[in-house]
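Listing of work39.csv; format and content: CSV, C-alpha atoms and all ligand atoms.
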chain,number,residue,atom,x,y,z
V,13,MET,CA,-157.1,42.1,-27.3
V,14,SER,CA,-155.0,44.9,-25.9
V,15,GLN,CA,-156.5,48.4,-26.1
V,16,PHE,CA,-153.0,49.7,-27.0
V,17,PRO,CA,-151.3,49.6,-30.4
V,18,TYR,CA,-148.4,47.3,-31.0
V,19,ALA,CA,-144.8,48.4,-30.4
V,20,VAL,CA,-142.1,45.9,-31.1
V,21,GLY,CA,-139.4,47.4,-28.9
V,22,GLY,CA,-138.8,49.6,-25.9
V,23,ILE,CA,-136.0,52.0,-24.9
V,24,ILE,CA,-135.5,52.7,-21.2
V,25,GLY,CA,-133.5,55.9,-21.2
V,26,GLY,CA,-131.2,56.5,-18.3
V,27,SER,CA,-128.4,58.9,-17.3
V,28,GLY,CA,-126.6,58.2,-20.6
V,29,THR,CA,-129.2,60.4,-22.2
V,30,TRP,CA,-130.2,62.5,-19.1
V,31,GLY,CA,-128.7,65.6,-20.5
V,32,ALA,CA,-130.7,65.8,-23.8
V,33,ARG,CA,-134.1,65.1,-25.2
V,34,PHE,CA,-134.3,61.7,-26.7
V,35,PRO,CA,-134.6,61.6,-29.7
V,36,GLU,CA,-135.3,65.3,-30.5
V,37,ASP,CA,-131.8,66.7,-29.7
V,38,LEU,CA,-129.7,63.8,-30.9
V,39,GLY,CA,-130.0,63.8,-34.7
V,40,THR,CA,-131.0,60.1,-34.8
V,41,ASP,CA,-133.3,58.3,-37.2
V,42,PHE,CA,-136.1,58.1,-34.6
V,43,THR,CA,-139.1,60.3,-35.1
V,44,VAL,CA,-141.7,61.0,-32.4
V,45,VAL,CA,-145.1,59.6,-33.3
V,46,GLU,CA,-146.9,60.6,-30.1
V,47,TYR,CA,-146.2,62.1,-26.7
V,48,LEU,CA,-148.0,59.7,-24.3
V,49,ALA,CA,-149.5,60.9,-21.0
V,50,PRO,CA,-148.6,58.9,-17.9
V,51,PHE,CA,-150.3,55.5,-17.6
V,52,GLU,CA,-152.4,54.3,-14.7
V,53,THR,CA,-151.0,50.9,-13.8
V,54,PRO,CA,-151.5,48.3,-11.0
V,55,HIS,CA,-148.2,49.8,-9.7
V,56,GLY,CA,-149.2,53.5,-9.7
V,57,MET,CA,-149.0,56.3,-12.2
V,58,THR,CA,-146.0,56.2,-14.5
V,59,ALA,CA,-143.8,58.9,-16.0
V,60,PRO,CA,-144.7,60.1,-19.5
V,61,PHE,CA,-143.6,57.9,-22.4
V,62,LYS,CA,-143.0,58.7,-26.1
V,63,LEU,CA,-144.0,56.5,-29.0
V,64,LEU,CA,-141.2,56.6,-31.6
V,65,GLU,CA,-140.8,55.2,-35.1
V,66,ILE,CA,-137.8,54.0,-36.9
V,67,GLN,CA,-137.6,51.9,-40.1
V,68,GLY,CA,-141.4,51.7,-40.0
V,69,ALA,CA,-141.3,50.0,-36.5
V,70,ARG,CA,-142.9,51.5,-33.4
V,71,ILE,CA,-140.7,51.8,-30.3
V,72,LEU,CA,-141.7,53.0,-26.8
V,73,TYR,CA,-139.4,55.3,-24.9
V,74,VAL,CA,-139.3,56.4,-21.3
V,75,GLY,CA,-136.6,58.7,-19.9
V,76,MET,CA,-134.5,58.3,-16.7
V,77,HIS,CA,-135.7,54.7,-16.0
V,78,GLY,CA,-139.3,56.0,-15.7
V,79,MET,CA,-138.3,57.4,-12.3
V,80,TYR,CA,-139.2,61.1,-12.9
V,81,PRO,CA,-142.9,61.5,-13.3
V,82,ASN,CA,-142.7,65.2,-12.5
V,83,PRO,CA,-140.1,67.8,-11.1
V,84,ARG,CA,-141.2,67.1,-7.5
V,85,GLU,CA,-141.1,63.3,-7.2
V,86,ILE,CA,-139.0,60.2,-7.8
V,87,ILE,CA,-140.4,56.8,-8.3
V,88,PRO,CA,-138.1,54.2,-6.8
V,89,PRO,CA,-136.5,52.0,-9.5
V,90,TRP,CA,-138.0,48.8,-8.3
V,91,ILE,CA,-141.5,50.3,-8.7
V,92,ALA,CA,-140.7,52.2,-11.9
V,93,ALA,CA,-139.4,48.9,-13.4
V,94,LYS,CA,-142.7,47.2,-12.7
V,95,GLN,CA,-144.6,50.1,-14.3
V,96,ILE,CA,-142.4,50.0,-17.4
V,97,ALA,CA,-142.8,46.3,-17.7
V,98,TRP,CA,-146.6,46.6,-17.4
V,99,VAL,CA,-146.8,49.4,-20.1
V,100,PHE,CA,-144.4,47.5,-22.4
V,101,SER,CA,-146.5,44.3,-22.0
V,102,GLN,CA,-149.7,46.2,-22.9
V,103,TYR,CA,-148.1,47.3,-26.2
V,104,GLY,CA,-146.8,43.8,-26.9
V,105,VAL,CA,-143.1,44.9,-26.6
V,106,GLU,CA,-140.8,42.0,-27.4
V,107,TRP,CA,-137.4,43.4,-26.6
V,108,ALA,CA,-136.0,46.4,-24.7
V,109,ILE,CA,-132.7,48.1,-24.2
V,110,THR,CA,-131.5,50.5,-21.5
V,111,GLY,CA,-129.1,53.4,-21.9
V,112,GLY,CA,-127.6,54.1,-18.5
V,113,SER,CA,-124.4,55.3,-17.0
V,114,VAL,CA,-122.4,53.7,-14.3
V,115,GLY,CA,-119.4,54.0,-12.0
V,116,GLY,CA,-116.4,52.0,-13.3
V,117,ILE,CA,-114.9,49.4,-11.0
V,118,GLN,CA,-112.7,47.2,-13.1
V,119,ASP,CA,-112.3,45.8,-16.6
V,120,LEU,CA,-112.2,42.1,-17.3
V,121,ALA,CA,-108.5,41.9,-16.4
V,122,GLY,CA,-109.0,43.7,-13.1
V,123,ASN,CA,-107.6,47.1,-14.2
V,124,PRO,CA,-109.4,50.4,-13.6
V,125,LEU,CA,-112.3,51.1,-15.9
V,126,SER,CA,-112.0,54.6,-17.2
V,127,PRO,CA,-114.7,57.1,-18.0
V,128,TRP,CA,-116.2,56.8,-21.5
V,129,SER,CA,-115.7,53.0,-21.4
V,130,ILE,CA,-118.8,51.1,-22.4
V,131,VAL,CA,-120.0,47.9,-20.7
V,132,VAL,CA,-122.7,45.6,-21.9
V,133,PRO,CA,-123.2,43.3,-18.8
V,134,ASP,CA,-124.1,39.7,-18.9
V,135,ASP,CA,-125.1,39.4,-15.3
V,136,PHE,CA,-126.0,41.6,-12.3
V,137,ARG,CA,-125.8,41.4,-8.5
V,138,MET,CA,-128.6,43.0,-6.4
V,139,GLU,CA,-126.7,44.6,-3.5
V,140,GLU,CA,-130.0,45.6,-1.9
V,141,ILE,CA,-133.2,43.5,-1.8
V,142,PRO,CA,-135.8,46.3,-1.7
V,143,LEU,CA,-138.5,46.1,0.9
V,144,PRO,CA,-141.8,45.5,-0.9
V,145,THR,CA,-142.9,49.1,0.0
V,146,ALA,CA,-146.3,49.9,-1.6
V,147,ASP,CA,-145.7,46.7,-3.5
V,148,ARG,CA,-148.6,44.4,-2.7
V,149,VAL,CA,-149.7,44.1,-6.2
V,150,ALA,CA,-152.3,42.4,-8.2
V,151,ARG,CA,-151.2,39.1,-9.7
V,152,SER,CA,-150.5,39.6,-13.4
V,153,GLY,CA,-152.5,36.7,-14.5
V,154,LYS,CA,-149.3,35.3,-16.1
V,155,SER,CA,-148.8,31.6,-15.5
V,156,GLU,CA,-145.0,31.6,-15.7
V,157,PHE,CA,-142.1,32.2,-13.4
V,158,TYR,CA,-138.5,32.8,-14.6
V,159,ARG,CA,-135.1,31.9,-13.3
V,160,LEU,CA,-132.5,34.5,-13.6
V,161,GLY,CA,-129.7,32.4,-15.1
V,162,GLN,CA,-129.6,34.7,-18.1
V,163,PRO,CA,-130.9,38.1,-17.1
V,164,PHE,CA,-129.6,39.8,-20.3
V,165,CYS,CA,-130.3,38.6,-23.8
V,166,PRO,CA,-127.2,37.5,-25.6
V,167,SER,CA,-128.6,38.4,-29.0
V,168,LEU,CA,-129.4,42.0,-28.0
V,169,SER,CA,-126.1,42.3,-26.1
V,170,ASN,CA,-124.2,41.3,-29.2
V,171,LYS,CA,-125.9,44.0,-31.2
V,172,LEU,CA,-125.2,46.6,-28.5
V,173,VAL,CA,-121.5,45.7,-28.4
V,174,ARG,CA,-121.2,45.9,-32.2
V,175,ALA,CA,-122.9,49.3,-32.3
V,176,ALA,CA,-120.7,50.6,-29.4
V,177,ARG,CA,-117.5,49.4,-31.2
V,178,ALA,CA,-118.6,51.0,-34.4
V,179,GLU,CA,-119.4,54.4,-32.8
V,180,SER,CA,-116.8,54.6,-30.0
V,181,GLN,CA,-113.0,54.5,-29.9
V,182,GLU,CA,-113.0,53.7,-26.1
V,183,GLN,CA,-112.9,50.3,-24.4
V,184,VAL,CA,-116.1,48.2,-24.9
V,185,LEU,CA,-116.6,45.3,-22.5
V,186,GLU,CA,-118.9,42.6,-24.1
V,187,GLU,CA,-119.6,41.1,-20.7
V,188,GLY,CA,-119.4,42.1,-17.0
V,189,ILE,CA,-121.3,42.2,-13.8
V,190,TYR,CA,-123.5,45.1,-12.9
V,191,ALA,CA,-123.7,45.7,-9.1
V,192,CYS,CA,-127.1,47.3,-8.4
V,193,THR,CA,-126.8,49.3,-5.2
V,194,PRO,CA,-129.5,51.2,-3.2
V,195,LEU,CA,-131.0,54.3,-4.7
V,196,GLY,CA,-130.1,57.7,-3.4
V,197,ARG,CA,-126.4,58.0,-2.7
V,198,PHE,CA,-123.1,57.0,-4.1
V,199,GLU,CA,-120.9,54.2,-2.7
V,200,THR,CA,-118.0,54.5,-0.2
V,201,SER,CA,-114.5,53.4,-1.0
V,202,ALA,CA,-115.0,50.4,1.3
V,203,GLU,CA,-118.2,49.4,-0.4
V,204,VAL,CA,-116.6,49.7,-3.9
V,205,GLN,CA,-113.7,47.5,-2.7
V,206,GLY,CA,-116.2,45.0,-1.6
V,207,LEU,CA,-118.0,45.0,-4.9
V,208,LYS,CA,-114.7,44.6,-6.7
V,209,GLN,CA,-113.9,41.5,-4.6
V,210,PHE,CA,-117.3,40.1,-5.4
V,211,GLY,CA,-116.4,40.4,-9.1
V,212,ALA,CA,-118.4,43.5,-10.1
V,213,HIS,CA,-117.2,45.5,-13.0
V,214,ILE,CA,-119.6,48.4,-12.9
V,215,VAL,CA,-122.0,49.9,-10.3
V,216,GLY,CA,-125.4,51.5,-10.8
V,217,GLN,CA,-128.8,51.7,-9.1
V,218,THR,CA,-131.4,50.7,-11.7
V,219,VAL,CA,-130.7,48.0,-14.2
V,220,GLY,CA,-130.9,45.1,-11.8
V,221,HIS,CA,-134.6,46.0,-11.1
V,222,GLU,CA,-135.3,46.3,-14.8
V,223,ALA,CA,-133.7,43.0,-15.6
V,224,VAL,CA,-135.9,41.2,-13.1
V,225,GLU,CA,-139.1,42.8,-14.4
V,226,MET,CA,-138.3,42.4,-18.1
V,227,VAL,CA,-137.4,38.7,-17.6
V,228,ASN,CA,-140.7,38.2,-15.7
V,229,HIS,CA,-142.6,39.6,-18.6
V,230,SER,CA,-140.8,37.6,-21.3
V,231,ILE,CA,-139.2,40.8,-22.7
V,232,HIS,CA,-135.6,40.3,-24.0
V,233,LEU,CA,-133.3,42.9,-22.4
V,234,GLY,CA,-130.0,44.4,-23.4
V,235,SER,CA,-128.2,47.0,-21.3
V,236,LEU,CA,-125.8,49.6,-22.6
V,237,ASN,CA,-123.8,51.4,-19.9
V,238,ILE,CA,-121.3,54.2,-20.3
V,239,VAL,CA,-118.8,54.7,-17.5
V,240,SER,CA,-119.1,58.2,-16.1
V,241,ASN,CA,-116.5,58.0,-13.3
V,242,TYR,CA,-114.1,55.7,-11.5
V,243,ALA,CA,-116.5,55.1,-8.6
V,244,GLU,CA,-114.7,55.5,-5.2
V,245,ASN,CA,-112.1,53.1,-6.5
V,246,GLY,CA,-109.2,53.0,-4.1
V,247,GLY,CA,-108.3,56.6,-4.5
V,248,ILE,CA,-108.2,56.6,-8.3
V,249,TRP,CA,-111.1,59.1,-8.2
V,250,VAL,CA,-108.8,61.7,-6.7
V,251,ASP,CA,-107.8,63.2,-10.0
V,252,PRO,CA,-106.6,66.8,-10.4
V,253,GLN,CA,-108.8,67.1,-13.5
V,254,ASP,CA,-111.9,66.5,-11.3
V,255,GLU,CA,-114.0,69.5,-10.5
V,256,PRO,CA,-117.3,69.5,-8.6
V,257,ASN,CA,-119.2,70.0,-11.9
V,258,SER,CA,-117.2,67.4,-13.9
V,259,MET,CA,-119.8,64.7,-13.6
V,260,ALA,CA,-122.6,67.1,-14.6
V,261,GLU,CA,-120.5,68.1,-17.6
V,262,PHE,CA,-120.0,64.4,-18.5
V,263,TYR,CA,-123.7,63.9,-18.5
V,264,ARG,CA,-124.2,66.9,-20.8
V,265,SER,CA,-121.6,65.6,-23.2
V,266,CYS,CA,-122.3,61.9,-23.5
V,267,PRO,CA,-125.9,61.8,-24.9
V,268,PRO,CA,-124.9,62.2,-28.6
V,269,LEU,CA,-122.7,59.2,-28.4
V,270,VAL,CA,-125.2,57.1,-26.4
V,271,GLY,CA,-127.9,58.2,-28.8
V,272,ARG,CA,-125.8,57.1,-31.9
V,273,ILE,CA,-125.1,53.7,-30.4
V,274,ILE,CA,-128.8,53.1,-29.5
V,275,ASN,CA,-129.7,54.3,-33.0
V,276,VAL,CA,-127.3,51.8,-34.7
V,277,ALA,CA,-128.2,49.0,-32.3
V,278,VAL,CA,-132.0,49.4,-32.9
V,279,ARG,CA,-131.5,49.4,-36.6
V,280,THR,CA,-129.5,46.2,-36.4
V,281,ILE,CA,-132.1,44.6,-34.0
V,282,LEU,CA,-134.8,45.4,-36.6
V,283,ASP,CA,-132.8,44.1,-39.5
V,284,GLU,CA,-131.6,40.9,-37.9
V,285,GLY,CA,-134.3,40.1,-35.3
V,286,VAL,CA,-133.7,38.6,-31.9
V,287,ARG,CA,-132.8,35.0,-32.4
V,288,ASP,CA,-131.3,31.9,-30.9
V,289,CYS,CA,-130.8,33.7,-27.6
V,290,GLY,CA,-132.2,31.0,-25.4
V,291,CYS,CA,-133.9,33.5,-23.1
V,292,ASP,CA,-137.0,31.3,-23.1
V,293,LYS,CA,-135.1,28.4,-21.6
V,294,TYR,CA,-135.4,30.0,-18.1
V,295,VAL,CA,-139.2,29.9,-17.8
V,296,LEU,CA,-140.7,27.7,-15.1
V,297,THR,CA,-144.4,26.7,-15.5
V,298,GLY,CA,-146.9,25.2,-13.1
V,299,LEU,CA,-145.9,27.3,-10.1
V,300,GLU,CA,-148.4,30.1,-10.4
V,301,SER,CA,-150.7,29.1,-7.6
V,302,PHE,CA,-151.2,26.4,-4.9
V,303,PRO,CA,-151.1,23.1,-6.6
V,304,VAL,CA,-154.2,21.8,-4.6
V,305,GLU,CA,-157.1,23.7,-3.3
V,306,GLY,CA,-156.8,24.7,0.3
V,307,ALA,CA,-153.0,24.3,0.5
V,401,ZN,ZN,-133.2,36.9,-25.7
Once you've parsed the file, please lay out its structure as C-alpha cells.
Amino acid sequence: MSQFPYAVGGIIGGSGTWGARFPEDLGTDFTVVEYLAPFETPHGMTAPFKLLEIQGARILYVGMHGMYPNPREIIPPWIAAKQIAWVFSQYGVEWAITGGSVGGIQDLAGNPLSPWSIVVPDDFRMEEIPLPTADRVARSGKSEFYRLGQPFCPSLSNKLVRAARAESQEQVLEEGIYACTPLGRFETSAEVQGLKQFGAHIVGQTVGHEAVEMVNHSIHLGSLNIVSNYAENGGIWVDPQDEPNSMAEFYRSCPPLVGRIINVAVRTILDEGVRDCGCDKYVLTGLESFPVEGA
C-alpha cells in the first residue's frame, strides 16, 4: 500500500502558466487542498507540488515542469520528469496533462505557425539524447518496458483539442510533431530550418522527456502547447512589433487562456474517462532482467 493518498490525475504546469499562480490567480474550478513540500525521490529532491480538487477528484500539480525547486537552481528536464513520474506513481495518478509553450515552426500545411496558435502533438522527436548525468538510478521494480509508438494518449489529446477549440479563436492543431531540443538556449535559424525539414511543427525543451517517463510509468499523457513565438523561422521572427520584452509580456498574458483550457479539459476527462486509447498496447513484458542467471 502506498503511504500517499490517491490522486486520479496530474497537471504538469509549464511556461503556458509561468506568469501566474495555478490555480489561485486564474479563476478556475480547481481548489487547493494542500501545499505539498518537496519529495525525496530516488532521483533527488523535487520542486514543491500542490494537491488540487475539482469535481470531487484529487489532482496533483507541479509548476514549470518541476524544474524550479527554489530561486537558485534548475533541475534538468530529464531528471525532473523522472521525479514527477515517481511522485505521480506514488499517488496512483492514472493520467497527466502538460501546459507548455513552444516556438512555432509550421502548421500541418507547411505554413508559419503564429503566436497564440495551440498544438496538441501526437509525436515528438528528441533532438538531444541527454547524457545520463547523475542518473544511475535504482530500478523501479516495475516489470514492464514500453515502446514509444504512441507517446501521447489519443483520448486525452482529443479532450485537450475540444477544450482548446471551445476557449480559443486561434488555430488549434490536433496533431503535430514536438521537437525537444537541449535545455538552456533557443535555436538558431539553421537549426529551426533543419527541424522543419524533419517534419517538426513546434519546438520546446521539456515534453519529450515527460512523454518518455509517463509512458514508462503507464500514465496516459496529453500535451497542450501554446505557441509563443515564430522560433527563428526563416526571418519571420523579424517583426516590427517585436520588442525585447514581447515574449515576457506574452507569458504574462497567456495563463488565463491556458488555465481555462486545462479547466475545461480536466472536467471532460473526469466526465468521460480515458477510454479506448490503446496506450497499453505498447507495453513489452519479460525484458526486465537477464533471462537466465549469470547472463
Ligand atoms: Zn491513453
Need to verify the contact set: segment 281-288 of chain V, 12 Å, only C-alpha atoms, exclusion of same-chain residues closer than 6 positions in sequence. Can you return it as a PyMOL selection string? chain V and resi 20-22+65-71+106-109+165-172+174-175+231-234+274-275
File dump, residues just selected, C-alpha atoms, as an mmCIF file, in the coordinates of the input:
data_model
loop_
_atom_site.group_PDB
_atom_site.id
_atom_site.type_symbol
_atom_site.label_atom_id
_atom_site.label_comp_id
_atom_site.auth_asym_id
_atom_site.auth_seq_id
_atom_site.Cartn_x
_atom_site.Cartn_y
_atom_site.Cartn_z
ATOM 1 C CA VAL V 20 -142.100 45.900 -31.100
ATOM 2 C CA GLY V 21 -139.400 47.400 -28.900
ATOM 3 C CA GLY V 22 -138.800 49.600 -25.900
ATOM 4 C CA GLU V 65 -140.800 55.200 -35.100
ATOM 5 C CA ILE V 66 -137.800 54.000 -36.900
ATOM 6 C CA GLN V 67 -137.600 51.900 -40.100
ATOM 7 C CA GLY V 68 -141.400 51.700 -40.000
ATOM 8 C CA ALA V 69 -141.300 50.000 -36.500
ATOM 9 C CA ARG V 70 -142.900 51.500 -33.400
ATOM 10 C CA ILE V 71 -140.700 51.800 -30.300
ATOM 11 C CA GLU V 106 -140.800 42.000 -27.400
ATOM 12 C CA TRP V 107 -137.400 43.400 -26.600
ATOM 13 C CA ALA V 108 -136.000 46.400 -24.700
ATOM 14 C CA ILE V 109 -132.700 48.100 -24.200
ATOM 15 C CA CYS V 165 -130.300 38.600 -23.800
ATOM 16 C CA PRO V 166 -127.200 37.500 -25.600
ATOM 17 C CA SER V 167 -128.600 38.400 -29.000
ATOM 18 C CA LEU V 168 -129.400 42.000 -28.000
ATOM 19 C CA SER V 169 -126.100 42.300 -26.100
ATOM 20 C CA ASN V 170 -124.200 41.300 -29.200
ATOM 21 C CA LYS V 171 -125.900 44.000 -31.200
ATOM 22 C CA LEU V 172 -125.200 46.600 -28.500
ATOM 23 C CA ARG V 174 -121.200 45.900 -32.200
ATOM 24 C CA ALA V 175 -122.900 49.300 -32.300
ATOM 25 C CA ILE V 231 -139.200 40.800 -22.700
ATOM 26 C CA HIS V 232 -135.600 40.300 -24.000
ATOM 27 C CA LEU V 233 -133.300 42.900 -22.400
ATOM 28 C CA GLY V 234 -130.000 44.400 -23.400
ATOM 29 C CA ILE V 274 -128.800 53.100 -29.500
ATOM 30 C CA ASN V 275 -129.700 54.300 -33.000
#
Excluding Ser265 of chain V and any residue of its chain fewer than 5 positions from it, enumerate the residues within 12 Å of it, using only C-alpha atoms, and give them as number ranges by chain. V: 27-32, 38, 128, 238, 240, 258-260, 270-271
Check the smallest atom-to-atom distance from each of V:Pro163, V:Phe302, V:His213, V:Gln183 to ligand ZN 401 (chain V) using all atoms listed in the file, then report the winner. V:Pro163
When you look at Glu244 of chain V with a cut-off of 10 Å (counting only C-alpha atoms), what residues show up, excluding the ones that are within fewer than 5 positions of it in the same chain? I need them as a list in words.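 So, after excluding close chain neighbours, the residues are Gly115, Gly116, Ile117, Phe198, Glu199, Thr200, Ser201, Ala202, Glu203, Val204, Gln205, Trp249 and Val250 of chain V.
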Write out as a PDB file with C-alpha atoms, in the coordinates of the input each polymer residue whose atoms come within 12 Å of Arg33 of chain V, counting only C-alpha atoms; drop sequence neighbours fewer than 5 positions from it.
ATOM      1  CA  GLY V  25    -133.500  55.900 -21.200  1.00  0.00           C
ATOM      2  CA  GLY V  26    -131.200  56.500 -18.300  1.00  0.00           C
ATOM      3  CA  SER V  27    -128.400  58.900 -17.300  1.00  0.00           C
ATOM      4  CA  GLY V  28    -126.600  58.200 -20.600  1.00  0.00           C
ATOM      5  CA  LEU V  38    -129.700  63.800 -30.900  1.00  0.00           C
ATOM      6  CA  GLY V  39    -130.000  63.800 -34.700  1.00  0.00           C
ATOM      7  CA  THR V  40    -131.000  60.100 -34.800  1.00  0.00           C
ATOM      8  CA  PHE V  42    -136.100  58.100 -34.600  1.00  0.00           C
ATOM      9  CA  VAL V  44    -141.700  61.000 -32.400  1.00  0.00           C
ATOM     10  CA  LYS V  62    -143.000  58.700 -26.100  1.00  0.00           C
ATOM     11  CA  TYR V  73    -139.400  55.300 -24.900  1.00  0.00           C
ATOM     12  CA  VAL V  74    -139.300  56.400 -21.300  1.00  0.00           C
ATOM     13  CA  GLY V  75    -136.600  58.700 -19.900  1.00  0.00           C
ATOM     14  CA  MET V  76    -134.500  58.300 -16.700  1.00  0.00           C
ATOM     15  CA  ARG V 264    -124.200  66.900 -20.800  1.00  0.00           C
ATOM     16  CA  PRO V 267    -125.900  61.800 -24.900  1.00  0.00           C
ATOM     17  CA  PRO V 268    -124.900  62.200 -28.600  1.00  0.00           C
ATOM     18  CA  GLY V 271    -127.900  58.200 -28.800  1.00  0.00           C
TER      19      GLY V 271
END
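Checking V:Ile214, V:Phe34, V:Arg279, V:Gly196 one by one against Gly122 of chain V, counting all atoms listed in the file, you find the shortest gap at V:Ile214.
You can rank V:His229, V:His221, V:Arg272, V:Lys293 by their closest distance to Glu139 of chain V using all atoms listed in the file, and at the top of that list sits V:His221.
When atom CA of Gln102 of chain V is paired with atom CA of Met226 of chain V, their separation reads 12.9 Å.
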Got a sec to check which residues sit within 10 Å of (-133.7, 53.5, -14.6), counting all atoms listed in the file, and write them as a VMD selection string? chain V and resid 24 to 27 74 to 80 87 to 90 92 to 93 96 110 to 113 216 to 222
